[in-house]
$ cat upload-v7.pdb   # PDB, C-alpha atoms
ATOM      1  CA  MET A   1    -203.694 -68.602 118.456  1.00  0.00           C
ATOM      2  CA  LYS A   2    -200.835 -67.796 120.790  1.00  0.00           C
ATOM      3  CA  LEU A   3    -198.995 -70.444 122.786  1.00  0.00           C
ATOM      4  CA  ASN A   4    -196.933 -69.569 125.824  1.00  0.00           C
ATOM      5  CA  LYS A   5    -193.815 -71.243 127.186  1.00  0.00           C
ATOM      6  CA  GLY A   6    -194.607 -74.167 129.471  1.00  0.00           C
ATOM      7  CA  GLU A   7    -198.224 -74.350 128.383  1.00  0.00           C
ATOM      8  CA  ILE A   8    -199.941 -77.568 127.358  1.00  0.00           C
ATOM      9  CA  VAL A   9    -202.480 -77.065 124.593  1.00  0.00           C
ATOM     10  CA  GLY A  10    -204.724 -79.791 123.232  1.00  0.00           C
ATOM     11  CA  ILE A  11    -206.083 -79.463 119.716  1.00  0.00           C
ATOM     12  CA  ILE A  12    -209.321 -81.446 119.564  1.00  0.00           C
ATOM     13  CA  GLY A  13    -211.497 -82.395 116.647  1.00  0.00           C
ATOM     14  CA  GLU A  14    -212.843 -85.162 114.490  1.00  0.00           C
ATOM     15  CA  SER A  15    -210.673 -87.327 112.290  1.00  0.00           C
ATOM     16  CA  GLY A  16    -209.631 -85.350 109.218  1.00  0.00           C
ATOM     17  CA  SER A  17    -210.175 -81.935 110.814  1.00  0.00           C
ATOM     18  CA  GLY A  18    -206.518 -80.908 110.453  1.00  0.00           C
ATOM     19  CA  LYS A  19    -204.902 -81.697 113.797  1.00  0.00           C
ATOM     20  CA  SER A  20    -201.961 -83.619 112.316  1.00  0.00           C
ATOM     21  CA  THR A  21    -201.699 -81.113 109.477  1.00  0.00           C
ATOM     22  CA  LEU A  22    -201.285 -78.309 112.023  1.00  0.00           C
ATOM     23  CA  LEU A  23    -198.379 -80.165 113.651  1.00  0.00           C
ATOM     24  CA  LYS A  24    -196.761 -80.739 110.263  1.00  0.00           C
ATOM     25  CA  LEU A  25    -197.094 -77.030 109.495  1.00  0.00           C
ATOM     26  CA  LEU A  26    -195.413 -76.220 112.822  1.00  0.00           C
ATOM     27  CA  LEU A  27    -192.499 -78.451 111.806  1.00  0.00           C
ATOM     28  CA  ARG A  28    -192.521 -76.997 108.297  1.00  0.00           C
ATOM     29  CA  PHE A  29    -193.145 -80.384 106.692  1.00  0.00           C
ATOM     30  CA  PHE A  30    -195.808 -78.561 104.650  1.00  0.00           C
ATOM     31  CA  LYS A  31    -195.546 -75.078 103.162  1.00  0.00           C
ATOM     32  CA  ILE A  32    -197.851 -72.475 104.655  1.00  0.00           C
ATOM     33  CA  LYS A  33    -200.273 -71.182 102.007  1.00  0.00           C
ATOM     34  CA  GLU A  34    -201.617 -68.215 103.952  1.00  0.00           C
ATOM     35  CA  GLY A  35    -201.039 -66.594 107.307  1.00  0.00           C
ATOM     36  CA  GLN A  36    -197.861 -67.160 109.254  1.00  0.00           C
ATOM     37  CA  ILE A  37    -196.390 -69.116 112.124  1.00  0.00           C
ATOM     38  CA  LEU A  38    -194.042 -67.270 114.438  1.00  0.00           C
ATOM     39  CA  TYR A  39    -191.565 -68.828 116.835  1.00  0.00           C
ATOM     40  CA  ASN A  40    -190.298 -66.245 119.341  1.00  0.00           C
ATOM     41  CA  ASN A  41    -191.621 -63.556 116.977  1.00  0.00           C
ATOM     42  CA  VAL A  42    -189.588 -64.925 114.033  1.00  0.00           C
ATOM     43  CA  ASP A  43    -191.405 -66.208 110.946  1.00  0.00           C
ATOM     44  CA  ILE A  44    -190.898 -69.973 110.866  1.00  0.00           C
ATOM     45  CA  ASN A  45    -189.880 -69.744 107.192  1.00  0.00           C
ATOM     46  CA  ARG A  46    -186.841 -67.661 108.197  1.00  0.00           C
ATOM     47  CA  ILE A  47    -185.571 -70.306 110.632  1.00  0.00           C
ATOM     48  CA  ASN A  48    -182.973 -72.777 109.394  1.00  0.00           C
ATOM     49  CA  THR A  49    -184.643 -76.210 109.128  1.00  0.00           C
ATOM     50  CA  GLU A  50    -181.931 -77.966 111.160  1.00  0.00           C
ATOM     51  CA  CYS A  51    -182.221 -75.326 113.881  1.00  0.00           C
ATOM     52  CA  LEU A  52    -186.016 -75.629 113.896  1.00  0.00           C
ATOM     53  CA  HIS A  53    -185.868 -79.399 114.278  1.00  0.00           C
ATOM     54  CA  LYS A  54    -183.312 -79.106 117.101  1.00  0.00           C
ATOM     55  CA  ASN A  55    -185.829 -76.989 119.020  1.00  0.00           C
ATOM     56  CA  VAL A  56    -188.985 -79.005 118.368  1.00  0.00           C
ATOM     57  CA  SER A  57    -189.678 -82.695 119.150  1.00  0.00           C
ATOM     58  CA  MET A  58    -192.607 -84.641 117.817  1.00  0.00           C
ATOM     59  CA  VAL A  59    -194.064 -87.787 119.319  1.00  0.00           C
ATOM     60  CA  SER A  60    -196.405 -89.425 116.838  1.00  0.00           C
ATOM     61  CA  GLN A  61    -199.081 -92.004 117.554  1.00  0.00           C
ATOM     62  CA  TYR A  62    -196.613 -94.701 116.481  1.00  0.00           C
ATOM     63  CA  THR A  63    -193.233 -94.698 118.221  1.00  0.00           C
ATOM     64  CA  TYR A  64    -190.683 -96.375 115.985  1.00  0.00           C
ATOM     65  CA  LEU A  65    -187.956 -98.296 117.750  1.00  0.00           C
ATOM     66  CA  TYR A  66    -184.900 -99.991 116.313  1.00  0.00           C
ATOM     67  CA  ASP A  67    -184.021-103.635 116.976  1.00  0.00           C
ATOM     68  CA  THR A  68    -181.525-102.711 119.677  1.00  0.00           C
ATOM     69  CA  THR A  69    -181.544-101.818 123.370  1.00  0.00           C
ATOM     70  CA  ILE A  70    -183.821 -99.377 125.137  1.00  0.00           C
ATOM     71  CA  LYS A  71    -180.801 -97.210 125.948  1.00  0.00           C
ATOM     72  CA  GLU A  72    -179.664 -97.075 122.309  1.00  0.00           C
ATOM     73  CA  ASN A  73    -183.209 -96.195 121.223  1.00  0.00           C
ATOM     74  CA  LEU A  74    -183.201 -93.333 123.730  1.00  0.00           C
ATOM     75  CA  LEU A  75    -179.771 -92.101 122.638  1.00  0.00           C
ATOM     76  CA  ILE A  76    -181.297 -91.271 119.247  1.00  0.00           C
ATOM     77  CA  ALA A  77    -182.615 -88.120 120.931  1.00  0.00           C
ATOM     78  CA  LYS A  78    -179.254 -87.086 122.404  1.00  0.00           C
ATOM     79  CA  GLN A  79    -176.223 -89.129 121.435  1.00  0.00           C
ATOM     80  CA  ASN A  80    -174.014 -87.949 124.289  1.00  0.00           C
ATOM     81  CA  ALA A  81    -176.634 -88.186 127.051  1.00  0.00           C
ATOM     82  CA  SER A  82    -175.392 -89.374 130.419  1.00  0.00           C
ATOM     83  CA  ASP A  83    -177.012 -92.266 132.243  1.00  0.00           C
ATOM     84  CA  GLU A  84    -178.425 -89.739 134.711  1.00  0.00           C
ATOM     85  CA  GLU A  85    -180.067 -87.745 131.905  1.00  0.00           C
ATOM     86  CA  ILE A  86    -181.550 -90.907 130.420  1.00  0.00           C
ATOM     87  CA  ILE A  87    -182.924 -92.035 133.771  1.00  0.00           C
ATOM     88  CA  ASP A  88    -184.361 -88.575 134.484  1.00  0.00           C
ATOM     89  CA  ALA A  89    -186.136 -88.479 131.099  1.00  0.00           C
ATOM     90  CA  CYS A  90    -187.529 -91.967 131.661  1.00  0.00           C
ATOM     91  CA  ARG A  91    -188.727 -91.084 135.158  1.00  0.00           C
ATOM     92  CA  ARG A  92    -190.476 -88.015 133.760  1.00  0.00           C
ATOM     93  CA  ALA A  93    -192.128 -90.248 131.113  1.00  0.00           C
ATOM     94  CA  SER A  94    -193.173 -92.798 133.779  1.00  0.00           C
ATOM     95  CA  ILE A  95    -191.233 -95.629 132.113  1.00  0.00           C
ATOM     96  CA  HIS A  96    -188.141 -95.959 134.356  1.00  0.00           C
ATOM     97  CA  ASP A  97    -189.702 -98.385 136.861  1.00  0.00           C
ATOM     98  CA  PHE A  98    -190.901-100.624 134.035  1.00  0.00           C
ATOM     99  CA  ILE A  99    -187.440-100.609 132.430  1.00  0.00           C
ATOM    100  CA  MET A 100    -185.815-101.509 135.739  1.00  0.00           C
ATOM    101  CA  SER A 101    -188.192-104.473 136.082  1.00  0.00           C
ATOM    102  CA  LEU A 102    -186.805-105.987 132.861  1.00  0.00           C
ATOM    103  CA  GLU A 103    -184.096-108.641 133.051  1.00  0.00           C
ATOM    104  CA  ASN A 104    -181.506-106.385 131.372  1.00  0.00           C
ATOM    105  CA  GLY A 105    -182.909-102.983 132.344  1.00  0.00           C
ATOM    106  CA  TYR A 106    -181.854-100.274 129.914  1.00  0.00           C
ATOM    107  CA  ASN A 107    -179.812-102.892 127.999  1.00  0.00           C
ATOM    108  CA  GLN A 108    -182.946-104.901 127.163  1.00  0.00           C
ATOM    109  CA  ASN A 109    -183.407-105.452 123.425  1.00  0.00           C
ATOM    110  CA  VAL A 110    -186.822-104.204 122.247  1.00  0.00           C
ATOM    111  CA  GLY A 111    -187.106-106.434 119.174  1.00  0.00           C
ATOM    112  CA  THR A 112    -187.983-105.510 115.614  1.00  0.00           C
ATOM    113  CA  LEU A 113    -189.916-102.217 115.679  1.00  0.00           C
ATOM    114  CA  GLY A 114    -190.161-102.592 119.454  1.00  0.00           C
ATOM    115  CA  ASP A 115    -192.426-105.633 119.227  1.00  0.00           C
ATOM    116  CA  LYS A 116    -191.262-106.916 122.628  1.00  0.00           C
ATOM    117  CA  LEU A 117    -192.959-103.902 124.235  1.00  0.00           C
ATOM    118  CA  SER A 118    -196.593-102.861 124.454  1.00  0.00           C
ATOM    119  CA  MET A 119    -197.807 -99.795 122.548  1.00  0.00           C
ATOM    120  CA  GLY A 120    -198.008 -97.867 125.825  1.00  0.00           C
ATOM    121  CA  GLU A 121    -194.420 -98.740 126.715  1.00  0.00           C
ATOM    122  CA  ARG A 122    -193.261 -97.684 123.256  1.00  0.00           C
ATOM    123  CA  GLN A 123    -195.180 -94.402 123.567  1.00  0.00           C
ATOM    124  CA  ARG A 124    -193.576 -93.662 126.934  1.00  0.00           C
ATOM    125  CA  ILE A 125    -190.130 -94.347 125.434  1.00  0.00           C
ATOM    126  CA  GLY A 126    -191.040 -91.897 122.648  1.00  0.00           C
ATOM    127  CA  ILE A 127    -192.008 -89.303 125.246  1.00  0.00           C
ATOM    128  CA  ALA A 128    -188.776 -89.985 127.168  1.00  0.00           C
ATOM    129  CA  ARG A 129    -186.908 -89.339 123.898  1.00  0.00           C
ATOM    130  CA  ALA A 130    -188.661 -85.986 123.598  1.00  0.00           C
ATOM    131  CA  PHE A 131    -187.762 -85.075 127.186  1.00  0.00           C
ATOM    132  CA  LEU A 132    -184.161 -86.224 126.678  1.00  0.00           C
ATOM    133  CA  SER A 133    -183.770 -84.135 123.527  1.00  0.00           C
ATOM    134  CA  GLY A 134    -184.227 -80.994 125.596  1.00  0.00           C
ATOM    135  CA  THR A 135    -186.200 -79.215 122.889  1.00  0.00           C
ATOM    136  CA  ASN A 136    -188.267 -76.144 123.710  1.00  0.00           C
ATOM    137  CA  ILE A 137    -191.430 -77.513 122.112  1.00  0.00           C
ATOM    138  CA  ILE A 138    -192.862 -81.026 122.220  1.00  0.00           C
ATOM    139  CA  LEU A 139    -195.622 -81.818 119.733  1.00  0.00           C
ATOM    140  CA  LEU A 140    -197.743 -84.893 120.401  1.00  0.00           C
ATOM    141  CA  ASP A 141    -199.805 -86.360 117.577  1.00  0.00           C
ATOM    142  CA  GLU A 142    -202.440 -88.533 119.243  1.00  0.00           C
ATOM    143  CA  PRO A 143    -199.976 -90.147 121.679  1.00  0.00           C
ATOM    144  CA  THR A 144    -202.700 -92.182 123.384  1.00  0.00           C
ATOM    145  CA  SER A 145    -204.718 -93.312 120.346  1.00  0.00           C
ATOM    146  CA  ASN A 146    -203.274 -96.836 120.286  1.00  0.00           C
ATOM    147  CA  VAL A 147    -203.018 -97.574 123.998  1.00  0.00           C
ATOM    148  CA  ASP A 148    -205.348 -98.953 126.626  1.00  0.00           C
ATOM    149  CA  SER A 149    -206.935 -96.732 129.266  1.00  0.00           C
ATOM    150  CA  ILE A 150    -204.320 -97.609 131.911  1.00  0.00           C
ATOM    151  CA  ASN A 151    -201.414 -96.556 129.665  1.00  0.00           C
ATOM    152  CA  GLU A 152    -203.369 -93.504 128.523  1.00  0.00           C
ATOM    153  CA  GLY A 153    -203.673 -92.395 132.133  1.00  0.00           C
ATOM    154  CA  ILE A 154    -199.970 -93.016 132.771  1.00  0.00           C
ATOM    155  CA  ILE A 155    -198.968 -91.031 129.663  1.00  0.00           C
ATOM    156  CA  LEU A 156    -201.263 -88.088 130.436  1.00  0.00           C
ATOM    157  CA  LYS A 157    -200.138 -87.984 134.067  1.00  0.00           C
ATOM    158  CA  ALA A 158    -196.482 -88.071 132.995  1.00  0.00           C
ATOM    159  CA  LEU A 159    -197.024 -85.138 130.623  1.00  0.00           C
ATOM    160  CA  LYS A 160    -198.942 -83.148 133.223  1.00  0.00           C
ATOM    161  CA  ASN A 161    -196.315 -83.769 135.905  1.00  0.00           C
ATOM    162  CA  ALA A 162    -193.424 -83.000 133.565  1.00  0.00           C
ATOM    163  CA  LEU A 163    -194.699 -79.543 132.810  1.00  0.00           C
ATOM    164  CA  ALA A 164    -196.912 -78.864 135.830  1.00  0.00           C
ATOM    165  CA  MET A 165    -198.889 -76.289 133.865  1.00  0.00           C
ATOM    166  CA  PRO A 166    -202.616 -75.848 133.257  1.00  0.00           C
ATOM    167  CA  ILE A 167    -204.028 -77.579 130.212  1.00  0.00           C
ATOM    168  CA  ARG A 168    -206.318 -75.854 127.743  1.00  0.00           C
ATOM    169  CA  CYS A 169    -208.057 -77.270 124.688  1.00  0.00           C
ATOM    170  CA  LEU A 170    -208.844 -75.658 121.368  1.00  0.00           C
ATOM    171  CA  SER A 171    -211.388 -76.696 118.761  1.00  0.00           C
ATOM    172  CA  PRO A 172    -210.046 -77.464 115.297  1.00  0.00           C
ATOM    173  CA  ILE A 173    -208.888 -74.356 113.495  1.00  0.00           C
ATOM    174  CA  LEU A 174    -208.358 -75.782 110.031  1.00  0.00           C
TER
END

$ encode --input "upload-v7.pdb" --output "structure tokens"
Amino acid sequence: MKLNKGEIVGIIGESGSGKSTLLKLLLRFFKIKEGQILYNNVDINRINTECLHKNVSMVSQYTYLYDTTIKENLLIAKQNASDEEIIDACRRASIHDFIMSLENGYNQNVGTLGDKLSMGERQRIGIARAFLSGTNIILLDEPTSNVDSINEGIILKALKNALAMPIRCLSPIL
């Protein structure tokens, strides 16, 4: 399988078919037993782990938020981000308008583990984090599995608009 810059690829398959495992292999959380993964024609095992993780973001099906403000939760992705960068990332993730509707905007506290927000709102903050980080690759592990159909549509539209590239799907390879 070859992935090109700017391309959105969906890995589809039944539960347990290896989709999450593939993402963990791409992040080198698991050791590759056979074959190889290349990033810009360099074997992933030859890339410094810190460097790899600075170039790849992962949004899992559960976005973990700290009991602090939305802004501080976003700054996890890029500590020195400007307000303009934060707003741009949130617009791209289709969460800015919601944030601005809150009493304290970006200074709104999200509660323990983000419990003051819906799953869809948390997911969109997770996607905004990925956009804000500026990484070359964003891996999404079932980002819509715990949201309603309205939030699923918002998330998928935000991803499509952010990259404006054709989407292709692959059957499970593991």

$ residues_around --input "upload-v7.pdb" --residues "Ser60 of chain A" --least-positions-apart "6" --cutoff "8 Å" --atoms "all atoms listed in the file" --output "ChimeraX atom specification"
/A:140-143

$ residues_around --input "upload-v7.pdb" --residues "Gln36 of chain A" --least-positions-apart "6" --cutoff "10 Å" --atoms "all atoms listed in the file" --output "ChimeraX atom specification"
/A:25,42-45

$ closest_atom_pairs --input "upload-v7.pdb" --of "segment 41-72 of chain A" --to "segment 1-24 of chain A" --cutoff "12 Å" --atoms "only C-alpha atoms" --output "JSON lines"
{"residue": "A:Asn41", "atom": "CA", "partner": "A:Lys2", "partner_atom": "CA", "distance": 10.8}
{"residue": "A:His53", "atom": "CA", "partner": "A:Lys24", "partner_atom": "CA", "distance": 11.7}
{"residue": "A:Val56", "atom": "CA", "partner": "A:Leu23", "partner_atom": "CA", "distance": 10.6}
{"residue": "A:Ser57", "atom": "CA", "partner": "A:Leu23", "partner_atom": "CA", "distance": 10.6}
{"residue": "A:Met58", "atom": "CA", "partner": "A:Leu23", "partner_atom": "CA", "distance": 8.4}
{"residue": "A:Val59", "atom": "CA", "partner": "A:Leu23", "partner_atom": "CA", "distance": 10.4}
{"residue": "A:Ser60", "atom": "CA", "partner": "A:Ser20", "partner_atom": "CA", "distance": 9.2}
{"residue": "A:Gln61", "atom": "CA", "partner": "A:Ser20", "partner_atom": "CA", "distance": 10.3}

$ write_last_selection --input "upload-v7.pdb" --atoms "C-alpha atoms" --output "mmCIF file, keeping the file's coordinate frame"
data_model
loop_
_atom_site.group_PDB
_atom_site.id
_atom_site.type_symbol
_atom_site.label_atom_id
_atom_site.label_comp_id
_atom_site.auth_asym_id
_atom_site.auth_seq_id
_atom_site.Cartn_x
_atom_site.Cartn_y
_atom_site.Cartn_z
ATOM 1 C CA ASN A 41 -191.621 -63.556 116.977
ATOM 2 C CA HIS A 53 -185.868 -79.399 114.278
ATOM 3 C CA VAL A 56 -188.985 -79.005 118.368
ATOM 4 C CA SER A 57 -189.678 -82.695 119.150
ATOM 5 C CA MET A 58 -192.607 -84.641 117.817
ATOM 6 C CA VAL A 59 -194.064 -87.787 119.319
ATOM 7 C CA SER A 60 -196.405 -89.425 116.838
ATOM 8 C CA GLN A 61 -199.081 -92.004 117.554
#

$ closest_residue --input "upload-v7.pdb" --among "A:Leu65, A:Leu132, A:Ile125, A:Met119" --to "Asp88 of chain A" --atoms "all atoms listed in the file"
A:Leu132

$ resolve_selection --input "upload-v7.pdb" --expression "the PyMOL selection byres ((chain A and resi 108) around 9)" --output "ChimeraX atom specification"
/A:68-71,99,102-107,109-110

$ closest_residue --input "upload-v7.pdb" --among "A:Gln79, A:Asn151, A:Ser118, A:Thr135" --to "Thr63 of chain A" --atoms "all atoms listed in the file"
A:Ser118

$ atom_distance --input "upload-v7.pdb" --atom1 "atom CA of Leu156 of chain A" --atom2 "atom CA of Glu50 of chain A"
29.1 Å

$ closest_residue --input "upload-v7.pdb" --among "A:Leu27, A:Ser133, A:Leu159, A:Ile150" --to "Ala81 of chain A" --atoms "all atoms listed in the file"
A:Ser133

$ atom_distance --input "upload-v7.pdb" --atom1 "atom CA of Ala77 of chain A" --atom2 "atom CA of Arg122 of chain A"
14.5 Å

$ atom_distance --input "upload-v7.pdb" --atom1 "atom CA of Lys160 of chain A" --atom2 "atom CA of Asn136 of chain A"
15.9 Å

$ resolve_selection --input "upload-v7.pdb" --expression "the PyMOL selection byres ((chain A and resi 92) around 8)" --output "list in words"
Asp88, Ala89, Cys90, Arg91, Ala93, Ser94, Ile95, Ala128, Phe131, Ala158, Leu159, Asn161 and Ala162 of chain A

$ closest_residue --input "upload-v7.pdb" --among "A:Lys33, A:His96, A:Lys116, A:Arg28" --to "Glu84 of chain A" --atoms "all atoms listed in the file"
A:His96

$ build_atoms --input "upload-v7.pdb" --residues "segment 32-58 of chain A" --atoms "N, CA and C atoms" --output "PDB file, in the coordinates of the input"
ATOM      1  N   ILE A  32    -196.697 -73.274 104.240  1.00  0.00           N
ATOM      2  CA  ILE A  32    -197.851 -72.475 104.655  1.00  0.00           C
ATOM      3  C   ILE A  32    -198.379 -71.719 103.442  1.00  0.00           C
ATOM      4  N   LYS A  33    -199.686 -71.838 103.168  1.00  0.00           N
ATOM      5  CA  LYS A  33    -200.273 -71.182 102.007  1.00  0.00           C
ATOM      6  C   LYS A  33    -200.753 -69.777 102.320  1.00  0.00           C
ATOM      7  N   GLU A  34    -201.216 -69.562 103.543  1.00  0.00           N
ATOM      8  CA  GLU A  34    -201.617 -68.215 103.952  1.00  0.00           C
ATOM      9  C   GLU A  34    -201.437 -68.079 105.447  1.00  0.00           C
ATOM     10  N   GLY A  35    -201.305 -66.829 105.900  1.00  0.00           N
ATOM     11  CA  GLY A  35    -201.039 -66.594 107.307  1.00  0.00           C
ATOM     12  C   GLY A  35    -199.566 -66.835 107.603  1.00  0.00           C
ATOM     13  N   GLN A  36    -199.244 -66.909 108.895  1.00  0.00           N
ATOM     14  CA  GLN A  36    -197.861 -67.160 109.254  1.00  0.00           C
ATOM     15  C   GLN A  36    -197.788 -67.825 110.626  1.00  0.00           C
ATOM     16  N   ILE A  37    -196.681 -68.502 110.838  1.00  0.00           N
ATOM     17  CA  ILE A  37    -196.390 -69.116 112.124  1.00  0.00           C
ATOM     18  C   ILE A  37    -195.124 -68.456 112.627  1.00  0.00           C
ATOM     19  N   LEU A  38    -195.194 -67.934 113.830  1.00  0.00           N
ATOM     20  CA  LEU A  38    -194.042 -67.270 114.438  1.00  0.00           C
ATOM     21  C   LEU A  38    -193.526 -68.103 115.596  1.00  0.00           C
ATOM     22  N   TYR A  39    -192.226 -68.182 115.714  1.00  0.00           N
ATOM     23  CA  TYR A  39    -191.565 -68.828 116.835  1.00  0.00           C
ATOM     24  C   TYR A  39    -190.668 -67.767 117.462  1.00  0.00           C
ATOM     25  N   ASN A  40    -190.996 -67.360 118.685  1.00  0.00           N
ATOM     26  CA  ASN A  40    -190.298 -66.245 119.341  1.00  0.00           C
ATOM     27  C   ASN A  40    -190.275 -65.002 118.443  1.00  0.00           C
ATOM     28  N   ASN A  41    -191.421 -64.716 117.845  1.00  0.00           N
ATOM     29  CA  ASN A  41    -191.621 -63.556 116.977  1.00  0.00           C
ATOM     30  C   ASN A  41    -190.812 -63.593 115.679  1.00  0.00           C
ATOM     31  N   VAL A  42    -190.309 -64.766 115.295  1.00  0.00           N
ATOM     32  CA  VAL A  42    -189.588 -64.925 114.033  1.00  0.00           C
ATOM     33  C   VAL A  42    -190.426 -65.834 113.144  1.00  0.00           C
ATOM     34  N   ASP A  43    -190.648 -65.392 111.901  1.00  0.00           N
ATOM     35  CA  ASP A  43    -191.405 -66.208 110.946  1.00  0.00           C
ATOM     36  C   ASP A  43    -190.702 -67.548 110.779  1.00  0.00           C
ATOM     37  N   ILE A  44    -191.452 -68.622 110.921  1.00  0.00           N
ATOM     38  CA  ILE A  44    -190.898 -69.973 110.866  1.00  0.00           C
ATOM     39  C   ILE A  44    -190.163 -70.241 109.554  1.00  0.00           C
ATOM     40  N   ASN A  45    -190.545 -69.563 108.483  1.00  0.00           N
ATOM     41  CA  ASN A  45    -189.880 -69.744 107.192  1.00  0.00           C
ATOM     42  C   ASN A  45    -188.486 -69.134 107.164  1.00  0.00           C
ATOM     43  N   ARG A  46    -188.169 -68.277 108.136  1.00  0.00           N
ATOM     44  CA  ARG A  46    -186.841 -67.661 108.197  1.00  0.00           C
ATOM     45  C   ARG A  46    -185.895 -68.430 109.112  1.00  0.00           C
ATOM     46  N   ILE A  47    -186.392 -69.506 109.726  1.00  0.00           N
ATOM     47  CA  ILE A  47    -185.571 -70.306 110.632  1.00  0.00           C
ATOM     48  C   ILE A  47    -184.969 -71.470 109.856  1.00  0.00           C
ATOM     49  N   ASN A  48    -183.681 -71.660 110.007  1.00  0.00           N
ATOM     50  CA  ASN A  48    -182.973 -72.777 109.394  1.00  0.00           C
ATOM     51  C   ASN A  48    -183.662 -74.083 109.813  1.00  0.00           C
ATOM     52  N   THR A  49    -183.912 -74.967 108.855  1.00  0.00           N
ATOM     53  CA  THR A  49    -184.643 -76.210 109.128  1.00  0.00           C
ATOM     54  C   THR A  49    -183.962 -77.038 110.210  1.00  0.00           C
ATOM     55  N   GLU A  50    -182.655 -77.185 110.153  1.00  0.00           N
ATOM     56  CA  GLU A  50    -181.931 -77.966 111.160  1.00  0.00           C
ATOM     57  C   GLU A  50    -182.108 -77.338 112.544  1.00  0.00           C
ATOM     58  N   CYS A  51    -182.033 -76.032 112.612  1.00  0.00           N
ATOM     59  CA  CYS A  51    -182.221 -75.326 113.881  1.00  0.00           C
ATOM     60  C   CYS A  51    -183.651 -75.523 114.402  1.00  0.00           C
ATOM     61  N   LEU A  52    -184.614 -75.429 113.512  1.00  0.00           N
ATOM     62  CA  LEU A  52    -186.016 -75.629 113.896  1.00  0.00           C
ATOM     63  C   LEU A  52    -186.203 -77.013 114.497  1.00  0.00           C
ATOM     64  N   HIS A  53    -185.682 -78.021 113.830  1.00  0.00           N
ATOM     65  CA  HIS A  53    -185.868 -79.399 114.278  1.00  0.00           C
ATOM     66  C   HIS A  53    -185.072 -79.720 115.542  1.00  0.00           C
ATOM     67  N   LYS A  54    -184.040 -78.933 115.835  1.00  0.00           N
ATOM     68  CA  LYS A  54    -183.312 -79.106 117.101  1.00  0.00           C
ATOM     69  C   LYS A  54    -184.084 -78.505 118.270  1.00  0.00           C
ATOM     70  N   ASN A  55    -185.056 -77.658 117.975  1.00  0.00           N
ATOM     71  CA  ASN A  55    -185.829 -76.989 119.020  1.00  0.00           C
ATOM     72  C   ASN A  55    -187.237 -77.531 119.185  1.00  0.00           C
ATOM     73  N   VAL A  56    -187.632 -78.451 118.319  1.00  0.00           N
ATOM     74  CA  VAL A  56    -188.985 -79.005 118.368  1.00  0.00           C
ATOM     75  C   VAL A  56    -188.900 -80.531 118.275  1.00  0.00           C
ATOM     76  N   SER A  57    -189.567 -81.225 119.198  1.00  0.00           N
ATOM     77  CA  SER A  57    -189.678 -82.695 119.150  1.00  0.00           C
ATOM     78  C   SER A  57    -191.109 -83.053 118.824  1.00  0.00           C
ATOM     79  N   MET A  58    -191.264 -84.155 118.105  1.00  0.00           N
ATOM     80  CA  MET A  58    -192.607 -84.641 117.817  1.00  0.00           C
ATOM     81  C   MET A  58    -192.706 -86.107 118.207  1.00  0.00           C
TER      82      MET A  58
END
